[in-house]
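The file target-v3.txt contains compact mmCIF, C-alpha atoms (C1' of nucleotides):
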```txt
# COMPACT_ATOMS: atom_id res chain seq x y z
CA MET G 1 64.53 56.43 16.04
CA ALA G 2 67.77 57.85 17.47
CA GLY G 3 69.74 57.13 14.32
CA ILE G 4 69.74 53.40 14.87
CA ALA G 5 67.14 50.92 13.77
CA GLU G 6 64.95 49.39 16.41
CA ALA G 7 66.57 51.14 19.36
CA PRO G 8 64.87 49.64 22.43
CA GLY G 9 63.70 51.08 25.69
CA ARG G 10 64.32 54.76 25.52
CA ASP G 11 62.16 55.30 22.50
CA ALA G 12 59.29 53.43 24.08
CA PRO G 13 59.60 53.89 27.83
CA GLU G 14 55.96 53.04 28.40
CA ALA G 15 56.60 49.51 27.16
CA GLN G 16 58.72 48.45 30.12
CA GLY G 17 56.06 48.68 32.77
CA ARG G 18 56.24 45.06 33.89
CA ASP G 19 59.05 44.86 36.39
CA ALA G 20 61.24 47.77 35.35
CA PRO G 21 63.88 48.17 38.05
CA GLU G 22 64.23 51.86 37.25
CA ALA G 23 61.83 54.53 36.14
CA GLN G 24 64.21 55.96 33.53
CA GLY G 25 64.31 55.34 29.82
CA VAL G 26 67.58 53.38 29.88
CA ALA G 27 68.10 50.86 32.64
CA SER G 28 71.56 50.01 34.02
CA ASP G 29 70.60 46.46 33.16
CA ASP G 30 70.62 47.22 29.50
CA LEU G 31 73.97 48.96 29.74
CA ILE G 32 75.48 45.85 31.30
CA GLU G 33 74.36 43.86 28.33
CA LEU G 34 75.41 46.45 25.76
CA LEU G 35 78.83 46.59 27.36
CA PHE G 36 79.13 42.86 26.83
CA PHE G 37 78.21 43.13 23.16
CA ALA G 38 80.35 46.21 22.58
CA TYR G 39 83.37 44.61 24.15
CA ARG G 40 82.78 41.37 22.26
CA ASP G 41 82.99 43.16 18.93
CA PHE G 42 85.68 45.55 20.11
CA VAL G 43 88.16 42.75 20.83
CA GLY G 44 87.04 40.82 17.79
CA ASP G 45 88.66 43.26 15.37
CA PRO G 46 92.28 42.85 16.46
CA ASP G 47 91.89 39.12 17.01
CA ARG G 48 91.92 38.53 13.27
CA ILE G 49 95.20 40.40 12.83
CA LEU G 50 96.79 38.76 15.85
CA ALA G 51 95.99 35.31 14.54
CA GLU G 52 98.21 35.98 11.52
CA TYR G 53 101.14 36.49 13.85
CA GLY G 54 100.32 33.58 16.13
CA PHE G 55 99.57 36.00 18.93
CA GLY G 56 96.55 36.28 21.19
CA ARG G 57 94.80 38.94 23.19
CA ALA G 58 97.33 38.77 25.98
CA HIS G 59 100.08 39.73 23.52
CA HIS G 60 97.93 42.55 22.26
CA ARG G 61 97.42 44.01 25.70
CA VAL G 62 101.12 43.97 26.46
CA LEU G 63 102.03 45.50 23.12
CA HIS G 64 99.38 48.16 23.52
CA PHE G 65 100.63 49.41 26.85
CA VAL G 66 104.30 49.15 25.96
CA VAL G 67 103.92 51.16 22.78
CA ARG G 68 101.83 53.78 24.49
CA TYR G 69 103.98 54.08 27.59
CA PRO G 70 107.58 53.43 26.58
CA GLY G 71 109.82 52.59 29.48
CA LEU G 72 107.09 50.85 31.44
CA THR G 73 108.45 48.52 34.12
CA ILE G 74 107.34 44.95 34.71
CA ALA G 75 105.74 45.90 38.00
CA GLU G 76 103.74 48.68 36.39
CA LEU G 77 102.56 46.40 33.64
CA LEU G 78 101.52 43.76 36.15
CA ASP G 79 99.49 46.36 38.00
CA ILE G 80 97.80 47.54 34.81
CA LEU G 81 96.92 44.14 33.46
CA ARG G 82 96.11 42.56 36.82
CA ILE G 83 97.65 39.27 35.92
CA THR G 84 100.44 37.28 37.53
CA LYS G 85 104.12 37.50 36.74
CA GLN G 86 103.94 34.05 35.24
CA SER G 87 101.15 34.97 32.83
CA LEU G 88 102.90 38.14 31.79
CA ASN G 89 106.27 36.49 31.30
CA ARG G 90 104.83 33.90 28.98
CA VAL G 91 103.56 36.42 26.46
CA LEU G 92 106.31 38.95 27.03
CA LYS G 93 108.91 36.32 26.22
CA ASP G 94 107.18 35.66 22.89
CA LEU G 95 107.15 39.35 22.03
CA ILE G 96 110.81 39.80 22.95
CA GLU G 97 112.05 36.66 21.20
CA GLN G 98 110.22 37.61 18.03
CA GLY G 99 111.59 41.13 18.09
CA TYR G 100 108.51 43.19 18.86
CA VAL G 101 109.54 44.36 22.32
CA GLU G 102 112.91 44.96 23.95
CA GLN G 103 114.09 45.45 27.49
CA LYS G 104 116.61 47.93 28.81
CA THR G 105 118.08 47.95 32.27
CA GLY G 106 116.77 50.84 34.33
CA THR G 107 119.13 53.74 34.83
CA SER G 108 118.07 55.03 38.22
CA ASP G 109 117.28 51.51 39.47
CA ARG G 110 119.26 48.83 37.71
CA ARG G 111 116.94 46.08 38.97
CA GLN G 112 114.19 47.33 36.72
CA ARG G 113 113.70 46.21 33.14
CA LEU G 114 112.22 49.03 31.11
CA LEU G 115 110.08 47.92 28.21
CA PHE G 116 110.15 49.44 24.74
CA CYS G 117 108.69 48.52 21.37
CA THR G 118 110.93 47.90 18.39
CA GLY G 119 110.00 49.32 15.00
CA ALA G 120 108.22 46.10 14.15
CA GLY G 121 106.38 46.22 17.45
CA ALA G 122 105.24 49.77 16.82
CA ASP G 123 104.06 48.80 13.34
CA LEU G 124 102.06 45.87 14.61
CA ALA G 125 100.61 47.95 17.43
CA ALA G 126 99.60 50.61 14.91
CA ASP G 127 97.79 48.00 12.82
CA LEU G 128 95.91 46.80 15.86
CA THR G 129 95.09 50.29 17.07
CA ARG G 130 93.87 51.24 13.62
CA VAL G 131 91.00 48.78 13.56
CA GLN G 132 89.93 49.61 17.07
CA THR G 133 90.20 53.34 16.51
CA ARG G 134 88.11 52.97 13.41
CA ARG G 135 85.32 51.31 15.38
CA VAL G 136 85.41 53.91 18.13
CA ALA G 137 85.55 56.83 15.69
CA ARG G 138 82.63 55.42 13.75
CA ALA G 139 80.67 54.90 16.95
CA LEU G 140 81.22 58.53 17.90
CA ALA G 141 80.36 59.78 14.44
CA ASP G 142 77.15 57.72 14.32
CA ARG G 143 75.66 59.82 17.08
CA ALA G 144 73.45 62.85 16.90
CA GLU G 145 75.64 65.13 19.02
CA PRO G 146 78.87 66.65 17.70
CA THR G 147 81.66 64.08 17.74
CA GLY G 148 83.59 66.02 20.35
CA ALA G 149 80.69 65.95 22.76
CA SER G 150 80.10 62.24 22.15
CA ALA G 151 83.74 61.51 22.84
CA ALA G 152 83.77 63.55 26.02
CA SER G 153 80.63 61.84 27.16
CA ALA G 154 81.95 58.36 26.44
CA HIS G 155 85.21 59.28 28.12
CA ASP G 156 83.49 60.35 31.31
CA PHE G 157 81.25 57.31 31.40
CA LEU G 158 84.08 54.83 30.94
CA LEU G 159 86.28 56.59 33.45
CA ALA G 160 83.46 56.55 35.97
CA MET G 161 83.05 52.81 35.42
CA ILE G 162 86.57 52.26 36.72
CA GLU G 163 86.94 51.35 40.36
CA PRO G 164 87.08 54.69 42.20
CA ASP G 165 90.29 53.80 44.01
CA GLU G 166 91.94 53.08 40.68
CA ARG G 167 90.86 56.12 38.76
CA ALA G 168 93.67 58.32 39.95
CA ALA G 169 96.22 55.70 38.93
CA VAL G 170 94.66 55.36 35.49
CA CYS G 171 94.59 59.11 35.02
CA ARG G 172 98.17 59.41 36.18
CA LEU G 173 99.19 56.75 33.69
CA MET G 174 97.29 58.31 30.82
CA ALA G 175 98.71 61.73 31.63
CA ARG G 176 102.15 60.40 30.73
CA ARG G 177 101.27 60.54 27.09
CA SER G 178 100.85 64.31 27.16
CA ARG G 179 104.16 64.82 28.89
CA GLY G 180 107.50 63.16 28.36
CA THR G 181 108.24 59.46 28.80
CA ALA G 182 109.05 60.00 32.47
CA MET Y 1 87.91 69.14 36.55
CA ALA Y 2 84.88 67.32 35.18
CA GLY Y 3 83.99 65.87 38.55
CA ILE Y 4 86.89 63.44 38.52
CA ALA Y 5 90.39 64.04 39.79
CA GLU Y 6 93.12 64.40 37.23
CA ALA Y 7 90.95 63.86 34.18
CA PRO Y 8 93.39 63.81 31.28
CA GLY Y 9 93.29 65.20 27.78
CA ARG Y 10 90.08 67.09 27.49
CA ASP Y 11 90.90 69.52 30.25
CA ALA Y 12 94.27 70.34 28.72
CA PRO Y 13 93.91 69.83 24.98
CA GLU Y 14 96.89 72.04 24.23
CA ALA Y 15 99.16 69.58 25.98
CA GLN Y 16 98.82 66.88 23.35
CA GLY Y 17 100.52 68.67 20.49
CA ARG Y 18 103.27 66.11 19.94
CA ASP Y 19 101.81 63.47 17.68
CA ALA Y 20 98.14 63.78 18.45
CA PRO Y 21 96.28 61.63 15.88
CA GLU Y 22 93.18 63.76 16.25
CA ALA Y 23 92.60 67.41 16.86
CA GLN Y 24 89.82 66.83 19.39
CA GLY Y 25 89.97 66.94 23.15
CA VAL Y 26 89.38 63.21 23.62
CA ALA Y 27 91.13 60.85 21.26
CA SER Y 28 89.67 57.50 20.21
CA ASP Y 29 92.95 56.11 21.47
CA ASP Y 30 92.12 57.03 24.99
CA LEU Y 31 88.68 55.51 24.73
CA ILE Y 32 90.22 52.22 23.69
CA GLU Y 33 92.27 52.19 26.82
CA LEU Y 34 89.46 53.33 29.07
CA LEU Y 35 87.26 50.59 27.68
CA PHE Y 36 89.91 48.10 28.73
CA PHE Y 37 90.07 49.46 32.27
CA ALA Y 38 86.31 49.83 32.57
CA TYR Y 39 85.72 46.27 31.41
CA ARG Y 40 88.47 44.94 33.66
CA ASP Y 41 86.75 46.34 36.74
CA PHE Y 42 83.28 45.61 35.43
CA VAL Y 43 83.90 41.87 35.24
CA GLY Y 44 85.93 41.91 38.44
CA ASP Y 45 82.87 42.48 40.60
CA PRO Y 46 80.94 39.32 39.79
CA ASP Y 47 84.10 37.21 39.69
CA ARG Y 48 84.31 37.28 43.48
CA ILE Y 49 80.76 35.99 43.86
CA LEU Y 50 81.17 33.37 41.17
CA ALA Y 51 84.27 31.99 42.85
CA GLU Y 52 82.17 31.09 45.90
CA TYR Y 53 80.06 28.84 43.71
CA GLY Y 54 82.94 27.38 41.76
CA PHE Y 55 81.71 29.10 38.63
CA GLY Y 56 83.55 31.30 36.17
CA ARG Y 57 82.70 34.06 33.76
CA ALA Y 58 81.40 31.66 31.19
CA HIS Y 59 78.78 30.45 33.66
CA HIS Y 60 77.90 34.03 34.43
CA ARG Y 61 77.31 34.90 30.81
CA VAL Y 62 75.02 31.93 30.28
CA LEU Y 63 73.08 32.63 33.45
CA HIS Y 64 72.75 36.28 32.55
CA PHE Y 65 71.18 35.67 29.18
CA VAL Y 66 68.98 32.80 30.31
CA VAL Y 67 67.50 34.75 33.18
CA ARG Y 68 66.92 37.80 31.01
CA TYR Y 69 65.51 35.93 28.05
CA PRO Y 70 63.66 32.89 29.36
CA GLY Y 71 63.03 30.27 26.72
CA LEU Y 72 66.22 31.03 24.83
CA THR Y 73 67.31 28.19 22.56
CA ILE Y 74 70.80 26.72 22.35
CA ALA Y 75 71.30 28.14 18.89
CA GLU Y 76 70.34 31.62 20.01
CA LEU Y 77 72.68 31.44 22.96
CA LEU Y 78 75.52 30.27 20.75
CA ASP Y 79 74.94 33.22 18.47
CA ILE Y 80 74.90 35.66 21.36
CA LEU Y 81 77.99 34.36 23.08
CA ARG Y 82 79.92 33.57 19.90
CA ILE Y 83 81.44 30.42 21.31
CA THR Y 84 81.31 26.84 20.14
CA LYS Y 85 78.73 24.26 21.09
CA GLN Y 86 81.37 22.43 23.07
CA SER Y 87 82.28 25.46 25.17
CA LEU Y 88 78.67 26.23 25.86
CA ASN Y 89 77.74 22.67 26.74
CA ARG Y 90 80.48 22.41 29.32
CA VAL Y 91 79.26 25.32 31.39
CA LEU Y 92 75.60 24.73 30.66
CA LYS Y 93 75.93 21.18 31.95
CA ASP Y 94 77.35 22.53 35.24
CA LEU Y 95 74.48 24.97 35.61
CA ILE Y 96 71.86 22.32 34.87
CA GLU Y 97 73.37 19.64 37.08
CA GLN Y 98 73.62 22.03 39.97
CA GLY Y 99 70.05 23.17 39.56
CA TYR Y 100 70.46 26.73 38.34
CA VAL Y 101 69.13 26.24 34.84
CA GLU Y 102 66.62 23.84 33.35
CA GLN Y 103 65.71 22.76 29.85
CA LYS Y 104 62.29 22.22 28.37
CA THR Y 105 61.54 20.69 25.02
CA GLY Y 106 60.26 23.24 22.55
CA THR Y 107 56.55 23.14 21.81
CA SER Y 108 56.45 24.32 18.23
CA ASP Y 109 59.74 22.59 17.41
CA ARG Y 110 60.45 19.59 19.59
CA ARG Y 111 64.11 19.55 18.56
CA GLN Y 112 64.74 22.73 20.47
CA ARG Y 113 65.70 22.85 24.13
CA LEU Y 114 64.35 26.00 25.71
CA LEU Y 115 66.40 27.30 28.60
CA PHE Y 116 64.97 28.65 31.85
CA CYS Y 117 66.40 29.62 35.20
CA THR Y 118 65.28 27.88 38.37
CA GLY Y 119 64.59 29.92 41.48
CA ALA Y 120 68.16 29.37 42.64
CA GLY Y 121 69.42 30.46 39.25
CA ALA Y 122 67.38 33.63 39.34
CA ASP Y 123 68.67 34.38 42.84
CA LEU Y 124 72.28 33.93 41.83
CA ALA Y 125 71.78 35.98 38.70
CA ALA Y 126 70.22 38.74 40.79
CA ASP Y 127 73.27 38.78 43.07
CA LEU Y 128 75.56 39.08 40.10
CA THR Y 129 73.47 41.72 38.41
CA ARG Y 130 73.30 43.71 41.62
CA VAL Y 131 77.02 44.39 41.82
CA GLN Y 132 77.26 45.28 38.18
CA THR Y 133 74.20 47.48 38.25
CA ARG Y 134 75.63 49.27 41.26
CA ARG Y 135 78.79 50.10 39.34
CA VAL Y 136 76.89 51.31 36.29
CA ALA Y 137 74.41 53.34 38.34
CA ARG Y 138 77.24 54.97 40.25
CA ALA Y 139 79.08 55.73 37.03
CA LEU Y 140 75.99 57.45 35.65
CA ALA Y 141 75.38 59.36 38.88
CA ASP Y 142 78.99 60.55 39.06
CA ARG Y 143 78.50 62.64 35.95
CA ALA Y 144 77.58 66.27 35.60
CA GLU Y 145 74.54 65.74 33.36
CA PRO Y 146 71.24 64.40 34.65
CA THR Y 147 71.44 60.64 35.12
CA GLY Y 148 68.86 60.01 32.41
CA ALA Y 149 70.92 61.89 29.85
CA SER Y 150 74.10 60.10 30.90
CA ALA Y 151 72.38 56.76 30.55
CA ALA Y 152 70.99 57.61 27.13
CA SER Y 153 74.38 58.80 26.02
CA ALA Y 154 76.18 55.69 27.27
CA HIS Y 155 73.49 53.54 25.68
CA ASP Y 156 73.95 55.15 22.28
CA PHE Y 157 77.72 54.94 22.45
CA LEU Y 158 77.80 51.27 23.39
CA LEU Y 159 75.20 50.37 20.82
CA ALA Y 160 77.18 52.19 18.15
CA MET Y 161 80.28 50.24 19.16
CA ILE Y 162 78.54 47.01 18.18
CA GLU Y 163 79.25 45.68 14.72
CA PRO Y 164 76.70 47.44 12.47
CA ASP Y 165 75.45 44.18 10.99
CA GLU Y 166 74.75 42.88 14.46
CA ARG Y 167 72.97 45.88 15.92
CA ALA Y 168 69.57 44.93 14.62
CA ALA Y 169 69.91 41.46 16.13
CA VAL Y 170 70.95 42.88 19.49
CA CYS Y 171 68.07 45.33 19.45
CA ARG Y 172 65.65 42.61 18.47
CA LEU Y 173 66.88 40.49 21.36
CA MET Y 174 66.69 43.30 23.88
CA ALA Y 175 63.24 44.24 22.72
CA ARG Y 176 62.01 40.89 24.00
CA ARG Y 177 62.25 42.12 27.53
CA SER Y 178 59.60 44.77 26.94
CA ARG Y 179 57.25 42.30 25.34
CA GLY Y 180 56.36 38.76 26.24
CA THR Y 181 58.74 35.82 26.34
CA ALA Y 182 58.03 35.08 22.71
C1' DG S 1 125.91 43.16 56.26
C1' DA S 2 120.89 42.23 56.68
C1' DT S 3 116.67 43.08 54.61
C1' DT S 4 113.78 44.37 51.04
C1' DT S 5 112.60 44.85 46.33
C1' DA S 6 112.39 43.83 41.06
C1' DA S 7 112.51 40.45 38.14
C1' DG S 8 112.91 35.72 36.26
C1' DT S 9 111.82 30.87 36.53
C1' DC S 10 109.88 26.17 37.59
C1' DA S 11 106.25 22.74 38.12
C1' DG S 12 101.56 21.92 38.34
C1' DT S 13 96.63 23.12 37.64
C1' DG S 14 92.06 25.09 36.07
C1' DT S 15 88.89 27.63 32.99
C1' DT S 16 87.58 28.66 28.71
C1' DG S 17 88.14 28.63 24.18
C1' DT S 18 89.11 25.82 19.71
C1' DT S 19 88.55 21.82 15.91
C1' DG S 20 86.51 17.91 13.69
C1' DA S 21 83.89 14.02 13.73
C1' DC S 22 79.86 11.69 14.77
C1' DA S 23 75.03 10.39 16.83
C1' DT S 24 70.13 11.30 17.53
C1' DA S 25 65.81 13.25 17.19
C1' DT S 26 62.88 16.03 14.69
C1' DC S 27 61.25 18.91 11.06
C1' DT S 28 60.48 20.04 6.05
C1' DC S 29 59.58 19.23 1.62
C1' DA S 30 59.07 16.72 -2.63
C1' DT P 1 56.72 8.12 2.87
C1' DG P 2 61.44 8.90 2.34
C1' DA P 3 65.51 12.20 1.66
C1' DG P 4 67.70 15.80 3.40
C1' DA P 5 68.19 19.61 6.50
C1' DT P 6 68.27 21.24 11.21
C1' DA P 7 68.83 21.36 16.52
C1' DT P 8 71.12 19.38 19.85
C1' DG P 9 74.41 16.41 22.30
C1' DT P 10 78.80 14.19 22.66
C1' DC P 11 83.62 12.53 22.06
C1' DA P 12 88.70 13.26 21.92
C1' DA P 13 92.37 16.31 21.53
C1' DC P 14 94.33 20.64 21.92
C1' DA P 15 95.64 25.74 22.75
C1' DA P 16 95.50 30.22 25.16
C1' DC P 17 95.62 32.28 29.25
C1' DA P 18 94.96 32.58 33.81
C1' DC P 19 96.28 30.74 38.66
C1' DT P 20 99.40 29.09 42.91
C1' DG P 21 103.52 28.49 45.49
C1' DA P 22 108.22 28.07 45.80
C1' DC P 23 112.67 29.48 44.59
C1' DT P 24 116.75 32.28 42.52
C1' DT P 25 119.36 36.33 41.21
C1' DA P 26 120.66 40.97 41.29
C1' DA P 27 120.39 45.35 43.06
C1' DA P 28 118.77 48.83 46.28
C1' DT P 29 118.12 50.40 51.02
C1' DC P 30 119.17 51.04 55.63
```
Mind converting the file's structure to structure tokens?
Amino acid sequence: MAGIAEAPGRDAPEAQGRDAPEAQGVASDDLIELLFFAYRDFVGDPDRILAEYGFGRAHHRVLHFVVRYPGLTIAELLDILRITKQSLNRVLKDLIEQGYVEQKTGTSDRRQRLLFCTGAGADLAADLTRVQTRRVARALADRAEPTGASAASAHDFLLAMIEPDERAAVCRLMARRSRGTA
Amino acid sequence: MAGIAEAPGRDAPEAQGRDAPEAQGVASDDLIELLFFAYRDFVGDPDRILAEYGFGRAHHRVLHFVVRYPGLTIAELLDILRITKQSLNRVLKDLIEQGYVEQKTGTSDRRQRLLFCTGAGADLAADLTRVQTRRVARALADRAEPTGASAASAHDFLLAMIEPDERAAVCRLMARRSRGTA
DNA sequence: GATTTAAGTCAGTGTTGTTGACATATCTCA
DNA sequence: TGAGATATGTCAACAACACTGACTTAAATC
């Protein structure tokens, strides 16, 4: 039973004969739905912590990217989050005023405001990351394959789900973490 | 290069020596972020179609589940979406008034309102599903493994990401599609 | 010095979520 | 049959988070 009770479809492919859009065991249809449920629970974890601070998901997203990519500019953050300047400013102002994020004037270009987390910001971000990491790690461990293979597989799938034109930008961003802050 | 330009981490595991929280090639950290990007683009597709109808994501979610699980009750839908009755009623009212969804009084329990899509609702839902299915199918095809294996792998990962207590309910729901409407 | 760019700000609006209270119809069970 | 539980619908008020469009300031570029 694939490790999980009542796993549908793949364990009983003959049962979907009615109007199955695909001849495979797992239809893309089902993945759409599972992605909804997975994301629903995935964002649910940090929500509880955020509520204690009077913050919402928008604050979380900003904090997440600032702590992971110190020195991020406003323009970069806008491009990542795909929201308007107005929406970003609203939550960013909260985070700055309450001492979780700080801005420094850019050195090479003094028009830029480089974003950094304070100690408190890093602590909060770590709390939030912890619960999400726990869920992901457990999901990987719950599988039959070795955890490394599961992770690689999930990585490739999620990356491939990103708009092709955007993948390079995402990879470039994520590559920053292996190198310096530049 | 794993089929995708500039894939980070796994192809250069030695580069993450700094403060790597895990010794593996792909960190749970990165999956958190990829899930954000993947979901961002995943919901972006239908948004463009929905805008033409004056609908939003909330309408999409309702339509999706009603077309997939005809005869769904209000209580079931509330449990799936995890929103309040008020939030659901607002969008459901739009969909009913504009002829995309209809209600029928339950037969065994006349208090229940069973939800069904009209022809127009099914057509719209099909349009929305099409763009999302395309993205998922492409993501699966972009991988090195056979598509069936990729799909099974993605299925297991997403299912495992769901809150353990909820998995049985999700599986029970999804199993309806293989059987009758009951 | 003119133009462009990065960022900040204002006013107004829309969607989607929340709470809490209350009404109605129907079912269940004693 | 009557009491209570359940399924749904509805009201008013509110909050989070997104949008648009216009405008300002400071700094870079040419």
(request) Counting all atoms listed in the file, figure out which residue out of G:Gly99, G:Gly106, G:Pro164, G:Gly54 gets nearest to chain Y. (result) G:Pro164
(message) Can you pull out the residues contacting region 12-24 of chain S? Cut-off 12 Å, using only C-alpha atoms (C1' of nucleotides), and skip same-chain residues under 6 positions away; I want them as an MDAnalysis selection string.
(response) (chainID G and resid 56) or (chainID Y and resid 51 54:59 81:91 111) or (chainID P and resid 6:22)
Taking all atoms listed in the file into account, which residues of chain Y are within 7 Å of chain G, as a PDB file with C-alpha atoms, in the frame of the given file?
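Result file follows (iface-v1.pdb):
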```
ATOM      1  CA  ALA Y   5      90.390  64.040  39.790  1.00  0.00           C
ATOM      2  CA  GLU Y   6      93.120  64.400  37.230  1.00  0.00           C
ATOM      3  CA  ALA Y   7      90.950  63.860  34.180  1.00  0.00           C
ATOM      4  CA  PRO Y   8      93.390  63.810  31.280  1.00  0.00           C
ATOM      5  CA  ALA Y  15      99.160  69.580  25.980  1.00  0.00           C
ATOM      6  CA  GLN Y  16      98.820  66.880  23.350  1.00  0.00           C
ATOM      7  CA  GLN Y  24      89.820  66.830  19.390  1.00  0.00           C
ATOM      8  CA  VAL Y  26      89.380  63.210  23.620  1.00  0.00           C
ATOM      9  CA  SER Y  28      89.670  57.500  20.210  1.00  0.00           C
ATOM     10  CA  ASP Y  29      92.950  56.110  21.470  1.00  0.00           C
ATOM     11  CA  LEU Y  31      88.680  55.510  24.730  1.00  0.00           C
ATOM     12  CA  LEU Y  34      89.460  53.330  29.070  1.00  0.00           C
ATOM     13  CA  LEU Y  35      87.260  50.590  27.680  1.00  0.00           C
ATOM     14  CA  PHE Y  37      90.070  49.460  32.270  1.00  0.00           C
ATOM     15  CA  ALA Y  38      86.310  49.830  32.570  1.00  0.00           C
ATOM     16  CA  ASP Y  41      86.750  46.340  36.740  1.00  0.00           C
ATOM     17  CA  THR Y 133      74.200  47.480  38.250  1.00  0.00           C
ATOM     18  CA  ARG Y 135      78.790  50.100  39.340  1.00  0.00           C
ATOM     19  CA  VAL Y 136      76.890  51.310  36.290  1.00  0.00           C
ATOM     20  CA  ALA Y 137      74.410  53.340  38.340  1.00  0.00           C
ATOM     21  CA  ALA Y 139      79.080  55.730  37.030  1.00  0.00           C
ATOM     22  CA  LEU Y 140      75.990  57.450  35.650  1.00  0.00           C
ATOM     23  CA  ASP Y 142      78.990  60.550  39.060  1.00  0.00           C
ATOM     24  CA  GLY Y 148      68.860  60.010  32.410  1.00  0.00           C
ATOM     25  CA  ALA Y 151      72.380  56.760  30.550  1.00  0.00           C
ATOM     26  CA  ALA Y 152      70.990  57.610  27.130  1.00  0.00           C
ATOM     27  CA  ALA Y 154      76.180  55.690  27.270  1.00  0.00           C
ATOM     28  CA  HIS Y 155      73.490  53.540  25.680  1.00  0.00           C
ATOM     29  CA  PHE Y 157      77.720  54.940  22.450  1.00  0.00           C
ATOM     30  CA  LEU Y 158      77.800  51.270  23.390  1.00  0.00           C
ATOM     31  CA  LEU Y 159      75.200  50.370  20.820  1.00  0.00           C
ATOM     32  CA  ALA Y 160      77.180  52.190  18.150  1.00  0.00           C
ATOM     33  CA  MET Y 161      80.280  50.240  19.160  1.00  0.00           C
ATOM     34  CA  ILE Y 162      78.540  47.010  18.180  1.00  0.00           C
ATOM     35  CA  GLU Y 163      79.250  45.680  14.720  1.00  0.00           C
ATOM     36  CA  ALA Y 168      69.570  44.930  14.620  1.00  0.00           C
ATOM     37  CA  CYS Y 171      68.070  45.330  19.450  1.00  0.00           C
ATOM     38  CA  MET Y 174      66.690  43.300  23.880  1.00  0.00           C
ATOM     39  CA  ALA Y 175      63.240  44.240  22.720  1.00  0.00           C
ATOM     40  CA  SER Y 178      59.600  44.770  26.940  1.00  0.00           C
TER      41      SER Y 178
END
```
(request) Tell me, in Å to one decimal, how far CA of Leu114 (chain Y) is from CA of Gln98 (chain Y). (result)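 About the pair CA of Leu114 (chain Y) and CA of Gln98 (chain Y): they are 17.5 Å apart.
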(request) Name the closest residue to chain S among the candidates Y:Gln112, Y:Pro46, Y:Ile74, Y:Lys104; distances are taken between atoms, counting all atoms listed in the file. (result)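 Smallest separation from chain S among the options: Y:Gln112.
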